[in-house]
Amino acid sequence: MTAEPHLLGRLDEIPVGEGRAYTVGGEQIAVFRLRDGNARAVSALCTHAGGPLADGQIDGDIVICPLHQHMFELATGCSTTGRPPLRTYALHIDPDGHLFVHL
Amino acid sequence: MRQRLVVIGNGMAGARTVEEILARGGGEKFSITMFGDEPYGNYNRIMLSNVLAGTDDEAEIFLNGLSWYTANGITLHAGTRVRRIDRFARKVYADDGTTTSYDRLIIATGSRPFVPDIPGVRDAKRGFHQGVFTFRTIDDTRNMLRYARGHHSAVVIGGGLLGLEAARGLQSHGLDATVVHAGGHLMNQQLDPQAGAVLKRSVERLGITVELNARTTEIRGTEKVTGIALSDGRVIGCDMVVIAAGIRPNTEVAQAGGLVVERGVVVDDQMRAVGEPGIYAVGECAQHRGQVYGVVAPLWEQAKVLADHITGADPTAAYHGSRIATKLKVAGVNVASMGLKGPEREDDEFVVVAEPSRGMYRCVVVRDGRLVGATLVDDLSKVAFLMQAFDRGLPLPEERVRLLFDLGAPSAETSAAELSDDAQVCNCNGVSKADLVAAVKDGTRSVTGVMDTTRAGKGCGSCRSLVAQIVEWAAGGETEEDPSAGWYVPGIPLGKPELMAEIRARGLKSVSAVFAELAPEGREDAKSKMGLASLLRMMWAGEYVDERDARFINDRVHANIQKDGTFSVVPQMKGGCTTPDQLRRIADVADKYQVPLVKVTGGQRIDLLGIRKEDLPAVWADLGMPSGHAYGKSFRTVKTCVGLDFCRYGLGDSTALGIALETRFQGLESPAKMKLAVTGCPRNCAEAYVKDLGVVAVEGGRWEIYVGGAAGAHIRKGDLLATVGTAEEVITLTGRFLQYYRENANWLERTYAFVPRVGIERIREIVVDDADGIAARLDEAVQASVDAYRDPWQEGREPVTPGQFRPALPLLVVPKP
């Protein structure tokens with residue numbers, strides 16, 4: 001991990017299976033807490049019409065934008081519905097449950 | 001050098017014949033010129049009923065557009081009528097002044113509507129009296145649709161197929177429709193009196209009034225139609241009259257040209273006009289062995305024989321007449337008829353089973369061990385075998401009743417294999433079993449693909465299930481189909497009934513539990529969460545284990561997300577009734593939160609748009625009103641009119657009943673949203689006819705309940721479920737219907753699709769007549785959901801999850817108006 005870690009907060013501030021949005025260094029990031037205990041971070045705006053992805057529904061693999069149901073892979077940011085990709089961010093959770101993002 | 005072929009008539013007969021000629025290499029043999037009365041390419045006239053009913057667009061019924069003529073080198077004179085044939089000079093004279101020479105001539109002039117000479121039907125200046133229509137062409141259909149707007153009632157003269165279709169079509173545009181029929185029973189050409197009576201009952205259930213033995217003696221009205229008078233002295237008021245009293249072949253041009261004409265142009269077995277080796281006639285204008293056919297099926301056979309003969313592809317081709325078997329959907333009711341309507345000789349065998357109360361009628365007539373007639377109303381599961389037995393004289397089971405019920409005769413499923421290759425499957429487009437099999441052999445493996453390439457099932461659609469069976473049989477069960485088409489949600493490979501059974505058997509009360517037990521490899525699926533959450537809440541009511549991530553954002557924050565990520569807030573206003581105090585609070589909230597748009601909704605509430613997510617709890621607290629549920633797949637609102645207390649027309653207290661319904665069923669989750677209305681009289685100010693469930697007060701203190709209506713992207717008038725005497729019965733039946741819909745509809749299937757899919761008769765049996773004995777259970781289930789209701793806006797006081805109302809677009813600046 002080359003990029004500098006930023007503390008976002010505690011993982012348990014995000015409900016299981018949901019997403020929350022954070023602003024780090026002027027970038028808006030949507031962070032999702034998966035049901036398997038992992039977390040994923042992607043850019044917060046849908047590349048189609050700027051929908052708020054942190055409000056989207058997820059499973060282990062994808063997030064669905066709440067506005068027009070475009071889908072993106074959480075791990076790669078790639079769209080499965082033919083839209084430009086999202087940016088992805090590396091996350092790190094420390095033993096105390098603190099959540100860090102690497103920009 | 002190519003011969004000159006002239007075709008008079010560009011309808012289904014003319015165009016189909018030319019298609020058959022081209023298919024036999026006729027394009028090299030002939031230079032083809034066609035004359036058509038109508039200024040269009042050719043279209044499927046049978047489908048005009050669907051255009052009238054609004055279920056098909058005009059564009060969908062065109063068989064060949066103008067480009068087809070160009071592509072095939074055909075000279076088309078559209079909108080041009082041929083006035084005269086000179087058979088000695090071999091020329092035709094058209095009304096645009098042109099003269100065209102021919103070597104071969106095909107007459108396919110079809111029919112025109114028969115208009116009885118009723119006083120008042122015509123107007124010296126404009127042809128028909130204003131408000132009088134016939135139903136034959138696309139222009140007729142357009143004119144009717146235009147006139148139906150802004151008019152309220154229609155009388156259709158003629159209770160045959162076309163008349164019933166016209167009545168049903170106009171009814172779907174909100175007109176009250178009455179069918180006035182001179183005969184003693186409906187469709188008397190095809191049905192016997194008993195079958196006609198069954199059909200009448202079914203048609204009346206749809207809300208169409210039927211008058212039998214009713215001869216029209218006058219069309220009334222000076223400027224425009226105001227009603228009709230009957231021979232018994234009665235007058236029926238109406239705004240428009242449609243005449244569907246039969247058709248007459250167009251034979252004038254042929255007759256004036258010196259051809260032999262009786263009822264139609266008399267032709268031999270090669271479709272040649274008698275004594276005229278170079279002139280043919282085909283379709284409704286032709287008379288073969290004394291028969292003039294007014295249905296489409298014989299035309300396909302005639303066109304093939306004519307094409308075989310004229311191109312020399314098969315010089316021995318001969319037409320021997322058609323045994324007419326028709327399979328129709330008449331005004332929403334399935335009807336099939338073939339051959340005799342009933343026994344005619346003393347030793348004819350006649351088996352008849354009738355259940356008028358459920359709209360079912362089946363009969364067969366057997367002579368000398370062969371099927372010579374059959375009629376089916378409502379259930380056509382046996383029709384494929386009967387049509388084949390009728391057509392080919394197949395041996396029949398000893399027990400004749402087996403012809404009508406599956407006691408051993410081939411079922412619809414096995415009949416796909418047993419049907420002979422040349423059996424015609426699609427009677428609208430003349431597609432045989434062999435055509436379907438060939439399409440599969442050519443590599444098309446999906447039912448929809450075969451339908452696209454062969455056009456089978458693209459007509460009235462009544463053959464689609466048989467087409468599917470044949471394609472599946474021909475593909476050896478290897479049809480390509482999206483396997484998830486029948487699943488309730490894409491992530492669990494089960495249909496709704498099987499899924500519900502598994503959930504119940506395993507006691508699965510949360511969405512994650514369903515994924516863990518029933519999904520392939522236990523994999524969760526985002527696209528399936530919302531549908532599963534809705535289903536589980538419906539099934540388990542208060543016992544449902546609510547996982548918030550299974551909810552769509554609207555259901556997480558109880559508001560409707562907008563394009564900029566803000567939300568719309570609609571407080572509950574039961575029955576559209578509000579108070580000065582509520583209005584003041586709404587105004588204060590709009591000021592305090594600088595709400596960009598305050599809008600009155602179609603559901604008679606007030607919408608505050610552009611509310612930031614983080615402000616939602618405070619907005620709710622300041623409003624002090626419960627949620628109006630304008631965001632979920634759930635019970636939305638009950639629209640009402642002003643009803644009894646103030647309206648001078650009011651027949652029932654619609655506002656009180658609307659408020660009672662909304663109080664009881666508020667927020668009820670369902671497969672798709674449910675919009676209701678109660679209106680105090682048939683003027684229908686609350687638009688109850690086009691709601692998922694609409695209640696209409698009628699004279700005599702009674703209430704009509706309509707279900708399956710819609711007036712959004714899809715427009716449909718609801719079907720009358722029941723007429724009841726008290727508001728309590730309305731509430732009971734509403735709950736029972738909604739619960740039946742919740743349990744049986746597919747995810748996101750609105751009632752306008754669900755009700756026709758199940759059939760209003762079946763729904764009535766279950767919900768009103770309790771034929772399945774489940775009414776009490778449905779009532780209990782909906783009561784459990786009602787008891788589990790809690791106003792979701794109470795969550796504003798104490799968020800359920802961390803950051804429930806945190807912004808998802810932190811930098812977003814909400815635009816100000």
# chains A, B, ... in the order shown; residues from 1 in each chain; ligands from 1
$ closest_atom_pairs --of "chain A" --to "chain B" --cutoff "12 Å" --atoms "only C-alpha atoms" --output "JSON lines"
{"residue": "A:Arg10", "atom": "CA", "partner": "B:Pro802", "partner_atom": "CA", "distance": 11.0}
{"residue": "A:Leu11", "atom": "CA", "partner": "B:Pro802", "partner_atom": "CA", "distance": 10.8}
{"residue": "A:Asp12", "atom": "CA", "partner": "B:Pro802", "partner_atom": "CA", "distance": 8.3}
{"residue": "A:Glu13", "atom": "CA", "partner": "B:Pro802", "partner_atom": "CA", "distance": 5.6}
{"residue": "A:Ile14", "atom": "CA", "partner": "B:Pro802", "partner_atom": "CA", "distance": 6.5}
{"residue": "A:Pro15", "atom": "CA", "partner": "B:Thr801", "partner_atom": "CA", "distance": 6.3}
{"residue": "A:Val16", "atom": "CA", "partner": "B:Asp549", "partner_atom": "CA", "distance": 6.9}
{"residue": "A:Gly17", "atom": "CA", "partner": "B:Asp549", "partner_atom": "CA", "distance": 5.1}
{"residue": "A:Glu18", "atom": "CA", "partner": "B:Asp549", "partner_atom": "CA", "distance": 5.4}
{"residue": "A:Gly19", "atom": "CA", "partner": "B:Ala808", "partner_atom": "CA", "distance": 8.5}
{"residue": "A:Arg20", "atom": "CA", "partner": "B:Ala808", "partner_atom": "CA", "distance": 6.4}
{"residue": "A:Ala21", "atom": "CA", "partner": "B:Ala808", "partner_atom": "CA", "distance": 5.0}
{"residue": "A:Tyr22", "atom": "CA", "partner": "B:Pro810", "partner_atom": "CA", "distance": 7.0}
{"residue": "A:Thr23", "atom": "CA", "partner": "B:Pro810", "partner_atom": "CA", "distance": 6.8}
{"residue": "A:Val24", "atom": "CA", "partner": "B:Pro810", "partner_atom": "CA", "distance": 10.5}
{"residue": "A:Gly25", "atom": "CA", "partner": "B:Leu811", "partner_atom": "CA", "distance": 11.8}
{"residue": "A:Gly26", "atom": "CA", "partner": "B:Leu811", "partner_atom": "CA", "distance": 8.7}
{"residue": "A:Glu27", "atom": "CA", "partner": "B:Leu811", "partner_atom": "CA", "distance": 9.2}
{"residue": "A:Gln28", "atom": "CA", "partner": "B:Pro810", "partner_atom": "CA", "distance": 7.2}
{"residue": "A:Ile29", "atom": "CA", "partner": "B:Leu809", "partner_atom": "CA", "distance": 9.0}
{"residue": "A:Ala30", "atom": "CA", "partner": "B:Ala808", "partner_atom": "CA", "distance": 7.8}
{"residue": "A:Val31", "atom": "CA", "partner": "B:Ala808", "partner_atom": "CA", "distance": 10.3}
{"residue": "A:Phe32", "atom": "CA", "partner": "B:Asp549", "partner_atom": "CA", "distance": 10.7}
{"residue": "A:Arg33", "atom": "CA", "partner": "B:Asp549", "partner_atom": "CA", "distance": 10.1}
{"residue": "A:Leu34", "atom": "CA", "partner": "B:Asp549", "partner_atom": "CA", "distance": 10.0}
{"residue": "A:Arg35", "atom": "CA", "partner": "B:Ser512", "partner_atom": "CA", "distance": 9.0}
{"residue": "A:Asp36", "atom": "CA", "partner": "B:Glu524", "partner_atom": "CA", "distance": 10.6}
{"residue": "A:Ser43", "atom": "CA", "partner": "B:Leu809", "partner_atom": "CA", "distance": 10.7}
{"residue": "A:Ala44", "atom": "CA", "partner": "B:Leu809", "partner_atom": "CA", "distance": 7.2}
{"residue": "A:Leu45", "atom": "CA", "partner": "B:Leu809", "partner_atom": "CA", "distance": 7.8}
{"residue": "A:Cys46", "atom": "CA", "partner": "B:Leu809", "partner_atom": "CA", "distance": 10.8}
{"residue": "A:His48", "atom": "CA", "partner": "B:Lys563", "partner_atom": "CA", "distance": 11.5}
{"residue": "A:Ala49", "atom": "CA", "partner": "B:Lys563", "partner_atom": "CA", "distance": 8.1}
{"residue": "A:Gly50", "atom": "CA", "partner": "B:Asp564", "partner_atom": "CA", "distance": 7.8}
{"residue": "A:Gly51", "atom": "CA", "partner": "B:Gly565", "partner_atom": "CA", "distance": 6.6}
{"residue": "A:Pro52", "atom": "CA", "partner": "B:Ala808", "partner_atom": "CA", "distance": 5.7}
{"residue": "A:Leu53", "atom": "CA", "partner": "B:Ala808", "partner_atom": "CA", "distance": 7.4}
{"residue": "A:Ala54", "atom": "CA", "partner": "B:Ala808", "partner_atom": "CA", "distance": 5.5}
{"residue": "A:Asp55", "atom": "CA", "partner": "B:Ile553", "partner_atom": "CA", "distance": 5.8}
{"residue": "A:Gly56", "atom": "CA", "partner": "B:Ile553", "partner_atom": "CA", "distance": 6.7}
{"residue": "A:Gln57", "atom": "CA", "partner": "B:Ala526", "partner_atom": "CA", "distance": 5.9}
{"residue": "A:Ile58", "atom": "CA", "partner": "B:Ala526", "partner_atom": "CA", "distance": 5.0}
{"residue": "A:Asp59", "atom": "CA", "partner": "B:Ala526", "partner_atom": "CA", "distance": 4.8}
{"residue": "A:Gly60", "atom": "CA", "partner": "B:Glu524", "partner_atom": "CA", "distance": 6.8}
{"residue": "A:Asp61", "atom": "CA", "partner": "B:Asp525", "partner_atom": "CA", "distance": 8.5}
{"residue": "A:Ile62", "atom": "CA", "partner": "B:Ala526", "partner_atom": "CA", "distance": 7.3}
{"residue": "A:Val63", "atom": "CA", "partner": "B:Ala526", "partner_atom": "CA", "distance": 7.3}
{"residue": "A:Ile64", "atom": "CA", "partner": "B:Ala526", "partner_atom": "CA", "distance": 7.3}
{"residue": "A:Cys65", "atom": "CA", "partner": "B:Ile553", "partner_atom": "CA", "distance": 10.0}
{"residue": "A:Pro66", "atom": "CA", "partner": "B:Ile553", "partner_atom": "CA", "distance": 7.0}
{"residue": "A:Leu67", "atom": "CA", "partner": "B:Lys563", "partner_atom": "CA", "distance": 6.6}
{"residue": "A:His68", "atom": "CA", "partner": "B:Lys563", "partner_atom": "CA", "distance": 9.3}
{"residue": "A:Gln69", "atom": "CA", "partner": "B:Lys527", "partner_atom": "CA", "distance": 9.2}
{"residue": "A:His70", "atom": "CA", "partner": "B:Lys527", "partner_atom": "CA", "distance": 11.0}
{"residue": "A:Met71", "atom": "CA", "partner": "B:Ala526", "partner_atom": "CA", "distance": 9.8}
{"residue": "A:Phe72", "atom": "CA", "partner": "B:Ala526", "partner_atom": "CA", "distance": 11.3}
{"residue": "A:Glu73", "atom": "CA", "partner": "B:Ala526", "partner_atom": "CA", "distance": 11.6}
$ write_last_selection --atoms "C-alpha atoms" --output "PDB file, in the first residue's frame"
ATOM      1  CA  ARG A  10     -15.278   2.686  12.915  1.00  0.00           C
ATOM      2  CA  LEU A  11     -16.540  -0.101  10.656  1.00  0.00           C
ATOM      3  CA  ASP A  12     -19.527  -0.733  12.917  1.00  0.00           C
ATOM      4  CA  GLU A  13     -20.783   2.763  12.138  1.00  0.00           C
ATOM      5  CA  ILE A  14     -21.849   1.256   8.835  1.00  0.00           C
ATOM      6  CA  PRO A  15     -24.790  -1.147   9.180  1.00  0.00           C
ATOM      7  CA  VAL A  16     -24.208  -4.648   7.793  1.00  0.00           C
ATOM      8  CA  GLY A  17     -24.948  -4.795   4.080  1.00  0.00           C
ATOM      9  CA  GLU A  18     -25.280  -1.023   3.706  1.00  0.00           C
ATOM     10  CA  GLY A  19     -23.092   1.825   2.524  1.00  0.00           C
ATOM     11  CA  ARG A  20     -22.124   5.221   3.887  1.00  0.00           C
ATOM     12  CA  ALA A  21     -20.462   8.144   2.155  1.00  0.00           C
ATOM     13  CA  TYR A  22     -17.278   9.908   3.311  1.00  0.00           C
ATOM     14  CA  THR A  23     -15.339  12.879   2.068  1.00  0.00           C
ATOM     15  CA  VAL A  24     -11.580  12.515   2.097  1.00  0.00           C
ATOM     16  CA  GLY A  25      -9.306  15.124   0.579  1.00  0.00           C
ATOM     17  CA  GLY A  26     -12.136  16.502  -1.522  1.00  0.00           C
ATOM     18  CA  GLU A  27     -13.048  13.058  -2.853  1.00  0.00           C
ATOM     19  CA  GLN A  28     -16.420  11.475  -2.160  1.00  0.00           C
ATOM     20  CA  ILE A  29     -16.121   7.826  -1.337  1.00  0.00           C
ATOM     21  CA  ALA A  30     -18.867   5.264  -0.774  1.00  0.00           C
ATOM     22  CA  VAL A  31     -17.863   2.537   1.672  1.00  0.00           C
ATOM     23  CA  PHE A  32     -19.854  -0.676   1.940  1.00  0.00           C
ATOM     24  CA  ARG A  33     -19.810  -3.207   4.752  1.00  0.00           C
ATOM     25  CA  LEU A  34     -20.328  -6.664   3.273  1.00  0.00           C
ATOM     26  CA  ARG A  35     -22.167  -9.403   5.099  1.00  0.00           C
ATOM     27  CA  ASP A  36     -18.993 -11.547   5.103  1.00  0.00           C
ATOM     28  CA  SER A  43     -16.217   6.564  -5.794  1.00  0.00           C
ATOM     29  CA  ALA A  44     -19.560   7.792  -4.445  1.00  0.00           C
ATOM     30  CA  LEU A  45     -21.162   9.079  -7.632  1.00  0.00           C
ATOM     31  CA  CYS A  46     -22.693   6.854 -10.286  1.00  0.00           C
ATOM     32  CA  HIS A  48     -24.341   7.496 -15.373  1.00  0.00           C
ATOM     33  CA  ALA A  49     -26.221  10.406 -13.792  1.00  0.00           C
ATOM     34  CA  GLY A  50     -24.450  11.140 -10.548  1.00  0.00           C
ATOM     35  CA  GLY A  51     -26.651   8.955  -8.359  1.00  0.00           C
ATOM     36  CA  PRO A  52     -25.670   8.486  -4.690  1.00  0.00           C
ATOM     37  CA  LEU A  53     -24.180   4.980  -4.665  1.00  0.00           C
ATOM     38  CA  ALA A  54     -23.914   4.836  -0.864  1.00  0.00           C
ATOM     39  CA  ASP A  55     -27.724   4.625  -0.913  1.00  0.00           C
ATOM     40  CA  GLY A  56     -27.594   1.627  -3.256  1.00  0.00           C
ATOM     41  CA  GLN A  57     -28.290  -2.014  -2.493  1.00  0.00           C
ATOM     42  CA  ILE A  58     -25.377  -4.458  -2.540  1.00  0.00           C
ATOM     43  CA  ASP A  59     -24.518  -8.119  -2.369  1.00  0.00           C
ATOM     44  CA  GLY A  60     -21.077  -9.696  -2.137  1.00  0.00           C
ATOM     45  CA  ASP A  61     -20.135  -8.516  -5.615  1.00  0.00           C
ATOM     46  CA  ILE A  62     -22.049  -5.515  -6.891  1.00  0.00           C
ATOM     47  CA  VAL A  63     -23.757  -2.258  -5.963  1.00  0.00           C
ATOM     48  CA  ILE A  64     -26.947  -1.088  -7.696  1.00  0.00           C
ATOM     49  CA  CYS A  65     -27.405   2.667  -8.116  1.00  0.00           C
ATOM     50  CA  PRO A  66     -30.733   3.687  -6.581  1.00  0.00           C
ATOM     51  CA  LEU A  67     -31.639   6.090  -9.397  1.00  0.00           C
ATOM     52  CA  HIS A  68     -31.570   4.007 -12.594  1.00  0.00           C
ATOM     53  CA  GLN A  69     -30.380   0.579 -11.393  1.00  0.00           C
ATOM     54  CA  HIS A  70     -26.973   0.669 -13.076  1.00  0.00           C
ATOM     55  CA  MET A  71     -24.631  -1.925 -11.557  1.00  0.00           C
ATOM     56  CA  PHE A  72     -20.940  -1.840 -10.673  1.00  0.00           C
ATOM     57  CA  GLU A  73     -18.555  -4.463  -9.330  1.00  0.00           C
TER      58      GLU A  73
END
$ atom_distance --atom1 "atom CA of B:Glu729" --atom2 "atom CA of B:Ile760"
18.4 Å
$ residues_around --residues "B:Ala776" --least-positions-apart "4" --cutoff "10 Å" --atoms "only C-alpha atoms" --output "ChimeraX atom specification"
/B:736,767,770,780-781
$ write_last_selection --atoms "C-alpha atoms" --output "compact mmCIF listing (two decimals), in the first residue's frame"
# COMPACT_ATOMS: atom_id res chain seq x y z
CA ARG B 736 -59.38 -10.29 0.72
CA VAL B 767 -62.57 -13.71 -3.35
CA ASP B 770 -65.07 -18.55 -1.68
CA GLU B 780 -56.87 -13.53 8.82
CA ALA B 781 -53.64 -13.00 6.92
$ atom_distance --atom1 "atom CA of B:Thr734" --atom2 "atom CA of B:Glu502"
27.9 Å
$ atom_distance --atom1 "atom CA of B:Ala711" --atom2 "atom CA of B:Thr55"
13.5 Å
$ residues_around --residues "B:Gln291" --least-positions-apart "4" --cutoff "10 Å" --atoms "only C-alpha atoms" --output "JSON, numbers by chain"
{"B": [263, 264, 266, 284, 286, 287, 321, 322]}
$ select_by_dssp --residues "stretch 246-396 of chain B" --states "alpha helix (DSSP H)" --output "VMD selection string"
chain B and resid 252 to 256 297 to 311 383 to 392
$ residues_around --residues "A:Tyr89" --least-positions-apart "4" --cutoff "8 Å" --atoms "only C-alpha atoms" --output "list of chain:residue names"
A:Arg40, A:Ala41, A:Val42, A:Ser43, A:Val101, A:His102, A:Leu103
$ write_last_selection --atoms "all heavy atoms" --output "JSON list (two decimals), in the first residue's frame"
[["chain", "number", "residue", "atom", "x", "y", "z"],
["A", 40, "ARG", "N", -15.76, -2.58, 1.19],
["A", 40, "ARG", "CA", -15.30, -2.15, -0.13],
["A", 40, "ARG", "C", -15.53, -0.65, -0.25],
["A", 40, "ARG", "O", -16.49, -0.12, 0.30],
["A", 40, "ARG", "CB", -16.11, -2.84, -1.24],
["A", 40, "ARG", "CG", -15.98, -4.34, -1.29],
["A", 40, "ARG", "CD", -14.80, -4.77, -2.16],
["A", 40, "ARG", "NE", -14.78, -6.22, -2.32],
["A", 40, "ARG", "CZ", -14.14, -7.05, -1.49],
["A", 40, "ARG", "NH1", -13.49, -6.57, -0.45],
["A", 40, "ARG", "NH2", -14.17, -8.35, -1.69],
["A", 41, "ALA", "N", -14.64, 0.00, -1.01],
["A", 41, "ALA", "CA", -14.80, 1.44, -1.21],
["A", 41, "ALA", "C", -14.70, 1.77, -2.69],
["A", 41, "ALA", "O", -13.80, 1.30, -3.39],
["A", 41, "ALA", "CB", -13.71, 2.20, -0.45],
["A", 42, "VAL", "N", -15.66, 2.55, -3.18],
["A", 42, "VAL", "CA", -15.66, 3.01, -4.57],
["A", 42, "VAL", "C", -16.02, 4.50, -4.57],
["A", 42, "VAL", "O", -16.51, 5.03, -3.56],
["A", 42, "VAL", "CB", -16.68, 2.24, -5.45],
["A", 42, "VAL", "CG1", -16.28, 0.78, -5.59],
["A", 42, "VAL", "CG2", -18.09, 2.37, -4.89],
["A", 43, "SER", "N", -15.81, 5.17, -5.71],
["A", 43, "SER", "CA", -16.22, 6.56, -5.79],
["A", 43, "SER", "C", -17.73, 6.66, -5.60],
["A", 43, "SER", "O", -18.47, 5.76, -6.01],
["A", 43, "SER", "CB", -15.78, 7.17, -7.13],
["A", 43, "SER", "OG", -16.03, 6.27, -8.20],
["A", 101, "VAL", "N", -8.90, 4.41, 4.68],
["A", 101, "VAL", "CA", -8.91, 4.35, 3.22],
["A", 101, "VAL", "C", -7.58, 4.89, 2.73],
["A", 101, "VAL", "O", -6.98, 5.78, 3.34],
["A", 101, "VAL", "CB", -10.08, 5.15, 2.63],
["A", 101, "VAL", "CG1", -9.93, 6.66, 2.86],
["A", 101, "VAL", "CG2", -10.22, 4.88, 1.13],
["A", 102, "HIS", "N", -7.07, 4.31, 1.62],
["A", 102, "HIS", "CA", -5.79, 4.74, 1.05],
["A", 102, "HIS", "C", -6.06, 5.51, -0.23],
["A", 102, "HIS", "O", -6.65, 4.97, -1.17],
["A", 102, "HIS", "CB", -4.91, 3.52, 0.75],
["A", 102, "HIS", "CG", -4.58, 2.74, 1.99],
["A", 102, "HIS", "ND1", -3.40, 2.92, 2.66],
["A", 102, "HIS", "CD2", -5.29, 1.83, 2.69],
["A", 102, "HIS", "CE1", -3.40, 2.11, 3.73],
["A", 102, "HIS", "NE2", -4.52, 1.45, 3.77],
["A", 103, "LEU", "N", -5.68, 6.76, -0.24],
["A", 103, "LEU", "CA", -5.92, 7.58, -1.44],
["A", 103, "LEU", "C", -4.71, 7.51, -2.37],
["A", 103, "LEU", "O", -3.59, 7.47, -1.91],
["A", 103, "LEU", "CB", -6.19, 9.03, -1.06],
["A", 103, "LEU", "CG", -7.56, 9.30, -0.46],
["A", 103, "LEU", "CD1", -7.77, 10.81, -0.33],
["A", 103, "LEU", "CD2", -8.68, 8.69, -1.29]]
$ select_by_dssp --residues "chain A" --states "strand (DSSP E or B)" --output "ChimeraX atom specification"
/A:5-10,19-24,27-33,39-43,45,52,57-58,62-64,71-73,79,88-93,98-102
$ closest_residue --among "B:Gly507, B:Val598, B:Ser670, B:Leu105" --to "B:Ala533" --atoms "only C-alpha atoms"
B:Ser670
$ residues_around --residues "B:Leu597" --least-positions-apart "6" --cutoff "9 Å" --atoms "only C-alpha atoms" --output "list in words"
Ala590, Asp607, Leu608, Leu609, Gly610 and Pro817 of chain B
$ residues_around --residues "B:Asn10" --least-positions-apart "4" --cutoff "12 Å" --atoms "only C-alpha atoms" --output "ChimeraX atom specification"
/B:6,14-19,33-45,63-66,69,74-82,106-110,282-283
$ closest_residue --among "A:Glu4, A:Ile93, A:Thr81, A:Phe100" --to "A:Gly37" --atoms "only C-alpha atoms"
A:Ile93
$ decode --residues "stretch 67-80 of chain A" --atoms "N, CA and C atoms" --output "PDB file, in the first residue's frame"
ATOM      1  N   LEU A  67     -30.862   5.252  -8.461  1.00  0.00           N
ATOM      2  CA  LEU A  67     -31.639   6.090  -9.397  1.00  0.00           C
ATOM      3  C   LEU A  67     -32.104   5.313 -10.631  1.00  0.00           C
ATOM      4  N   HIS A  68     -31.169   4.673 -11.348  1.00  0.00           N
ATOM      5  CA  HIS A  68     -31.570   4.007 -12.594  1.00  0.00           C
ATOM      6  C   HIS A  68     -31.085   2.562 -12.651  1.00  0.00           C
ATOM      7  N   GLN A  69     -30.730   2.007 -11.514  1.00  0.00           N
ATOM      8  CA  GLN A  69     -30.380   0.579 -11.393  1.00  0.00           C
ATOM      9  C   GLN A  69     -29.168   0.176 -12.229  1.00  0.00           C
ATOM     10  N   HIS A  70     -28.233   1.094 -12.472  1.00  0.00           N
ATOM     11  CA  HIS A  70     -26.973   0.669 -13.076  1.00  0.00           C
ATOM     12  C   HIS A  70     -26.151  -0.073 -12.029  1.00  0.00           C
ATOM     13  N   MET A  71     -25.338  -1.054 -12.497  1.00  0.00           N
ATOM     14  CA  MET A  71     -24.631  -1.925 -11.557  1.00  0.00           C
ATOM     15  C   MET A  71     -23.117  -1.839 -11.753  1.00  0.00           C
ATOM     16  N   PHE A  72     -22.399  -1.925 -10.658  1.00  0.00           N
ATOM     17  CA  PHE A  72     -20.940  -1.840 -10.673  1.00  0.00           C
ATOM     18  C   PHE A  72     -20.369  -2.909  -9.760  1.00  0.00           C
ATOM     19  N   GLU A  73     -19.251  -3.501 -10.186  1.00  0.00           N
ATOM     20  CA  GLU A  73     -18.555  -4.463  -9.330  1.00  0.00           C
ATOM     21  C   GLU A  73     -17.845  -3.717  -8.221  1.00  0.00           C
ATOM     22  N   LEU A  74     -18.040  -4.151  -6.990  1.00  0.00           N
ATOM     23  CA  LEU A  74     -17.429  -3.457  -5.856  1.00  0.00           C
ATOM     24  C   LEU A  74     -15.914  -3.636  -5.855  1.00  0.00           C
ATOM     25  N   ALA A  75     -15.428  -4.790  -6.308  1.00  0.00           N
ATOM     26  CA  ALA A  75     -13.993  -5.055  -6.231  1.00  0.00           C
ATOM     27  C   ALA A  75     -13.217  -4.305  -7.313  1.00  0.00           C
ATOM     28  N   THR A  76     -13.811  -4.160  -8.515  1.00  0.00           N
ATOM     29  CA  THR A  76     -13.068  -3.571  -9.634  1.00  0.00           C
ATOM     30  C   THR A  76     -13.576  -2.207 -10.043  1.00  0.00           C
ATOM     31  N   GLY A  77     -14.818  -1.869  -9.666  1.00  0.00           N
ATOM     32  CA  GLY A  77     -15.422  -0.618 -10.114  1.00  0.00           C
ATOM     33  C   GLY A  77     -16.045  -0.716 -11.498  1.00  0.00           C
ATOM     34  N   CYS A  78     -15.868  -1.874 -12.174  1.00  0.00           N
ATOM     35  CA  CYS A  78     -16.381  -2.000 -13.532  1.00  0.00           C
ATOM     36  C   CYS A  78     -17.908  -2.087 -13.528  1.00  0.00           C
ATOM     37  N   SER A  79     -18.510  -1.470 -14.546  1.00  0.00           N
ATOM     38  CA  SER A  79     -19.963  -1.511 -14.661  1.00  0.00           C
ATOM     39  C   SER A  79     -20.372  -2.792 -15.370  1.00  0.00           C
ATOM     40  N   THR A  80     -21.422  -3.445 -14.880  1.00  0.00           N
ATOM     41  CA  THR A  80     -21.965  -4.610 -15.582  1.00  0.00           C
ATOM     42  C   THR A  80     -23.132  -4.201 -16.452  1.00  0.00           C
TER      43      THR A  80
END
